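*Asks:* Mind having a look at this structure? Questions to follow.
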Amino acid sequence: MLTTRHLDIGYGRRTVLTDLNLRLEPGALTVLIGANGCGKSTLLRTLGGSQPALRGDVLLDGSPIAALDAAERARRMAIVLTDRTGGGGLRVDELVAVGRHRFSGFFGRLHPDDRRAVAEALELVGLSHKAVAMVASLSDGERQKAMIARAVAQDAPLILMDEPTAFLDVSARFEVMELLGRLCRQRDRTVLLSTHDIAPSLAVADCVWAVADGTVSAGPPAALASAGVLDRVYAGVRFDASSGDYRR
């Protein structure tokens, strides 16, 4: 699984976070929280291999991620970004089938196993009835589910997500987080996601990575709350354990 060893991240000569020694627990949903500009997106990009580390290592199943080619990374890791998905004129099942690219070869021909994987991913996220609908016709919540289905169809054991509930209404935020919790528990996937949607995230999270005071503290939500770590994440607000969210 993914671990970091004495990892420093940042841009050029600007170091954002230093000496990170973190571990993602297999089959767990881990939530990355922190104020804007604290380094969450930089950390996700570094873990995903799209941004080089300033120092130290990101290890995926014991291998440095920098040593893995794109095909091997795709076998081990799926990435879902924040961007609104227009769909590019694709049907929902066609978008999800993009996740089978590493199986379908250069010409992208889908075999029965690929079609089965797409159908199962759509069923998991509750979009089977939208399989032949155009992605552009979906609601924001449905589009995010389609992107999750694409990651599921990729069949990688690890999924990294940057703000998966951005642009969603309150109901859809809880629905997507509950879906990700089921994905970990029922499909044995490991998910790391960054978010500002604290209440729906902590309601299902197994672990929290909290960026505060220039470092990352990791542990179960209740443990970080009782240790006062969650109180230091956002300036001017404190974590309210009774509501599972922040209050002034």
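Residue names in the structure tokens use chain letters A, B, ... in the order shown, residue numbers from 1 in each chain, and ligand numbers from 1 in the order shown.
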Which residues of segment 44-114 of chain A have any atom within 7 Å of an atom in segment 132-153 of chain A when counting only C-alpha atoms, and what is the closest pair of atoms for each, with the distance in Å to one decimal? Order the rows by chain and rising number and write it as JSON lines.
*Replies:*
{"residue": "A:Ala78", "atom": "CA", "partner": "A:Ala151", "partner_atom": "CA", "distance": 5.6}
{"residue": "A:Val80", "atom": "CA", "partner": "A:Met147", "partner_atom": "CA", "distance": 6.8}
{"residue": "A:Thr85", "atom": "CA", "partner": "A:Arg143", "partner_atom": "CA", "distance": 6.8}
{"residue": "A:Gly86", "atom": "CA", "partner": "A:Ala136", "partner_atom": "CA", "distance": 5.7}
{"residue": "A:Gly87", "atom": "CA", "partner": "A:Val135", "partner_atom": "CA", "distance": 5.1}
{"residue": "A:Gly89", "atom": "CA", "partner": "A:Met134", "partner_atom": "CA", "distance": 6.8}
{"residue": "A:Leu90", "atom": "CA", "partner": "A:Met134", "partner_atom": "CA", "distance": 5.9}
{"residue": "A:Arg91", "atom": "CA", "partner": "A:Met134", "partner_atom": "CA", "distance": 4.2}
{"residue": "A:Val92", "atom": "CA", "partner": "A:Val135", "partner_atom": "CA", "distance": 5.3}
{"residue": "A:Asp93", "atom": "CA", "partner": "A:Val132", "partner_atom": "CA", "distance": 6.2}
{"residue": "A:Leu95", "atom": "CA", "partner": "A:Arg150", "partner_atom": "CA", "distance": 6.8}
{"residue": "A:Val96", "atom": "CA", "partner": "A:Arg150", "partner_atom": "CA", "distance": 4.0}
{"residue": "A:Ala97", "atom": "CA", "partner": "A:Arg150", "partner_atom": "CA", "distance": 6.6}
{"residue": "A:Val98", "atom": "CA", "partner": "A:Arg150", "partner_atom": "CA", "distance": 6.7}
{"residue": "A:Gly99", "atom": "CA", "partner": "A:Arg150", "partner_atom": "CA", "distance": 4.9}
{"residue": "A:Arg100", "atom": "CA", "partner": "A:Ala153", "partner_atom": "CA", "distance": 6.2}
*Asks:* Which of segment 3-239 of chain A counts as strand (DSSP E) under DSSP, as JSON, numbers by chain please?
*Replies:* {"A": [3, 4, 5, 6, 7, 8, 9, 10, 11, 14, 15, 16, 17, 18, 19, 20, 29, 30, 31, 32, 33, 55, 56, 57, 58, 59, 60, 63, 64, 77, 78, 79, 80, 158, 159, 160, 161, 162, 190, 191, 192, 193, 194, 207, 208, 209, 210, 211, 212, 215, 216, 217, 218, 219, 238, 239]}
*Asks:* Which residues, written as a VMD selection string, have at least one atom at most 9 Å from segment 196-200 of chain A, with only C-alpha atoms counted and residues fewer than 3 positions away on the same chain left out?
*Replies:* chain A and resid 32 to 35 163 165 to 166 170 173 to 178 203 to 205 243 to 246
*Asks:* Considering only C-alpha atoms, state which residue in the set A:Arg5, A:Asp206, A:Arg45, A:Leu17 is at the smallest distance from Ser63 of chain A.
*Replies:*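 When distances to Ser63 of chain A are compared using only C-alpha atoms, the smallest one comes from A:Arg5.
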*Asks:* From the list A:Leu60, A:Leu110, A:Ala121, A:Cys38, which residue is nearest Gly10 of chain A when using only C-alpha atoms?
*Replies:*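 Comparing A:Leu60, A:Leu110, A:Ala121, A:Cys38 against Gly10 of chain A, the winner is A:Cys38.
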*Asks:* Which parts of segment 6-244 of chain A does DSSP call helix (DSSP H, G or I) when run on the backbone here, written out as a PyMOL selection string?
*Replies:* chain A and resi 40-48+65-67+70-76+92-104+112-125+128-130+135-137+140-154+170-187+198-202+221-226+230-232
*Asks:* Give me, as a short mmCIF file (atom, residue, chain, number, x, y, z; two decimals) with N, CA, C and O atoms, in the first residue's frame, all polymer residues having an atom no more than 12 Å from Leu43 of chain A, counting only C-alpha atoms and skipping those fewer than 6 positions away in the same chain.
*Replies:*
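out_2.cif written:
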data_model
loop_
_atom_site.label_atom_id
_atom_site.label_comp_id
_atom_site.auth_asym_id
_atom_site.auth_seq_id
_atom_site.Cartn_x
_atom_site.Cartn_y
_atom_site.Cartn_z
N THR A 4 4.73 7.09 2.84
CA THR A 4 5.73 8.11 2.55
C THR A 4 6.86 7.98 3.56
O THR A 4 6.65 7.58 4.70
N LEU A 7 9.18 12.55 3.60
CA LEU A 7 8.76 13.24 2.38
C LEU A 7 8.65 14.75 2.62
O LEU A 7 7.98 15.20 3.55
N ASP A 8 9.30 15.53 1.75
CA ASP A 8 9.12 16.98 1.69
C ASP A 8 8.41 17.30 0.38
O ASP A 8 8.78 16.76 -0.68
N ILE A 9 7.40 18.17 0.43
CA ILE A 9 6.67 18.53 -0.78
C ILE A 9 6.64 20.04 -0.94
O ILE A 9 6.75 20.79 0.03
N GLY A 10 6.49 20.49 -2.19
CA GLY A 10 6.41 21.91 -2.47
C GLY A 10 6.73 22.19 -3.92
O GLY A 10 6.65 21.30 -4.79
N TYR A 11 7.09 23.45 -4.22
CA TYR A 11 7.39 23.88 -5.58
C TYR A 11 8.76 24.55 -5.60
O TYR A 11 9.01 25.47 -4.82
N THR A 15 9.19 24.97 0.12
CA THR A 15 8.74 23.75 0.77
C THR A 15 7.43 24.02 1.51
O THR A 15 7.33 24.98 2.27
N VAL A 16 6.44 23.18 1.28
CA VAL A 16 5.12 23.37 1.89
C VAL A 16 4.98 22.52 3.15
O VAL A 16 4.55 23.01 4.20
N LEU A 17 5.31 21.23 3.06
CA LEU A 17 5.24 20.32 4.20
C LEU A 17 6.50 19.47 4.21
O LEU A 17 7.03 19.11 3.15
N THR A 18 7.00 19.16 5.40
CA THR A 18 8.28 18.47 5.51
C THR A 18 8.18 17.20 6.35
O THR A 18 7.33 17.08 7.23
N LEU A 20 7.28 14.04 6.08
CA LEU A 20 6.02 13.31 6.22
C LEU A 20 6.29 11.81 6.19
O LEU A 20 6.87 11.29 5.23
N LEU A 22 3.85 8.88 6.43
CA LEU A 22 2.43 8.55 6.46
C LEU A 22 2.20 7.17 5.85
O LEU A 22 3.00 6.68 5.07
N LEU A 32 -8.41 13.78 3.94
CA LEU A 32 -7.36 14.78 4.08
C LEU A 32 -8.02 16.15 4.22
O LEU A 32 -8.72 16.60 3.31
N ILE A 33 -7.80 16.80 5.36
CA ILE A 33 -8.43 18.09 5.60
C ILE A 33 -7.36 19.13 5.94
O ILE A 33 -6.28 18.80 6.43
N GLY A 34 -7.69 20.39 5.70
CA GLY A 34 -6.77 21.48 6.00
C GLY A 34 -7.23 22.75 5.31
O GLY A 34 -8.02 22.71 4.36
N GLY A 37 -4.46 26.44 0.83
CA GLY A 37 -3.06 26.80 0.77
C GLY A 37 -2.15 26.04 1.69
O GLY A 37 -0.94 26.30 1.73
N GLY A 49 2.14 10.96 -8.18
CA GLY A 49 3.27 10.90 -9.10
C GLY A 49 3.29 11.97 -10.16
O GLY A 49 4.18 11.96 -11.02
N SER A 50 2.34 12.91 -10.14
CA SER A 50 2.33 13.96 -11.16
C SER A 50 3.19 15.15 -10.77
O SER A 50 3.41 16.05 -11.59
N GLN A 51 3.66 15.19 -9.54
CA GLN A 51 4.54 16.25 -9.07
C GLN A 51 5.69 15.61 -8.29
O GLN A 51 5.45 14.77 -7.41
N PRO A 52 6.93 15.97 -8.59
CA PRO A 52 8.05 15.32 -7.90
C PRO A 52 8.16 15.77 -6.44
O PRO A 52 7.83 16.90 -6.10
N ALA A 53 8.63 14.86 -5.61
CA ALA A 53 8.92 15.21 -4.22
C ALA A 53 10.18 16.06 -4.15
O ALA A 53 11.09 15.92 -4.98
N LEU A 54 10.25 16.95 -3.18
CA LEU A 54 11.46 17.73 -2.96
C LEU A 54 12.52 16.89 -2.26
O LEU A 54 13.72 17.06 -2.48
N VAL A 58 7.84 8.46 -1.98
CA VAL A 58 6.48 7.93 -1.96
C VAL A 58 6.59 6.49 -2.44
O VAL A 58 7.09 6.24 -3.54
N LEU A 160 -7.23 7.96 -5.39
CA LEU A 160 -6.97 9.29 -4.85
C LEU A 160 -7.98 10.26 -5.43
O LEU A 160 -8.21 10.27 -6.65
N MET A 161 -8.58 11.10 -4.58
CA MET A 161 -9.63 12.00 -5.02
C MET A 161 -9.40 13.39 -4.46
O MET A 161 -9.13 13.55 -3.26
N ASP A 162 -9.52 14.39 -5.31
CA ASP A 162 -9.35 15.79 -4.90
C ASP A 162 -10.72 16.45 -4.88
O ASP A 162 -11.32 16.67 -5.93
N LEU A 192 -8.20 7.75 -0.57
CA LEU A 192 -7.72 8.97 0.08
C LEU A 192 -8.35 10.13 -0.66
O LEU A 192 -8.20 10.25 -1.88
N LEU A 193 -9.04 11.00 0.06
CA LEU A 193 -9.66 12.15 -0.58
C LEU A 193 -9.42 13.41 0.24
O LEU A 193 -9.35 13.38 1.46
N SER A 194 -9.27 14.52 -0.47
CA SER A 194 -9.19 15.82 0.20
C SER A 194 -10.57 16.46 0.17
O SER A 194 -11.35 16.24 -0.78
N TRP A 209 -6.24 12.57 7.83
CA TRP A 209 -4.96 13.24 7.76
C TRP A 209 -5.26 14.72 7.89
O TRP A 209 -5.87 15.32 7.00
N VAL A 211 -3.97 18.53 8.23
CA VAL A 211 -2.84 19.43 8.03
C VAL A 211 -3.03 20.64 8.94
O VAL A 211 -3.99 21.40 8.80
N THR A 215 2.32 20.55 9.62
CA THR A 215 2.56 19.12 9.64
C THR A 215 1.26 18.38 9.39
O THR A 215 0.18 18.98 9.36
N VAL A 216 1.35 17.06 9.22
CA VAL A 216 0.17 16.24 8.99
C VAL A 216 0.05 15.24 10.13
O VAL A 216 0.96 14.45 10.37
#
*Asks:* May I ask which of the residues A:Ala131, A:Val191, A:Ala241, A:Leu44 is the closest one to Glu94 of chain A, counting only C-alpha atoms?
*Replies:*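 For Glu94 of chain A, the nearest of the given residues is A:Ala131.
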*Asks:* Between atom CA of Pro26 of chain A and atom CA of Leu158 of chain A, what is the distance in Å, rounded to a tenth?
*Replies:*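 Taking atom CA of Pro26 of chain A and atom CA of Leu158 of chain A, their separation equals 8.4 Å.
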*Asks:* From the set A:Gln186, A:Met1, A:Arg55, A:Gly48, which residue has the shortest atom-to-atom contact distance to Asp69 of chain A, counting only C-alpha atoms?
*Replies:*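 Between A:Gln186, A:Met1, A:Arg55, A:Gly48, the residue approaching Asp69 of chain A most closely is A:Gly48.
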*Asks:* I'd like to know which of A:Cys184, A:His6, A:Ala212, A:Leu127 is closest to Asp19 of chain A, using only C-alpha atoms.
*Replies:* A:His6
*Asks:* Quick one: of A:Thr195, A:His111, A:Gly62, A:Arg14, who's nearest to Thr82 of chain A, counting only C-alpha atoms?
*Replies:*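 The closest residue to Thr82 of chain A is A:Thr195.
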*Asks:* Rounded to one decimal in Å, what is the spacing between atom CA of Thr190 of chain A and atom CA of Ala28 of chain A?
*Replies:*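 Atom CA of Ala28 of chain A lies at a distance of 5.2 Å from atom CA of Thr190 of chain A.
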*Asks:* One number please: atom CA of Ala71 of chain A to atom CA of Leu29 of chain A, in Å, one decimal.
*Replies:*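 Separation between atom CA of Ala71 of chain A and atom CA of Leu29 of chain A: 24.4 Å.
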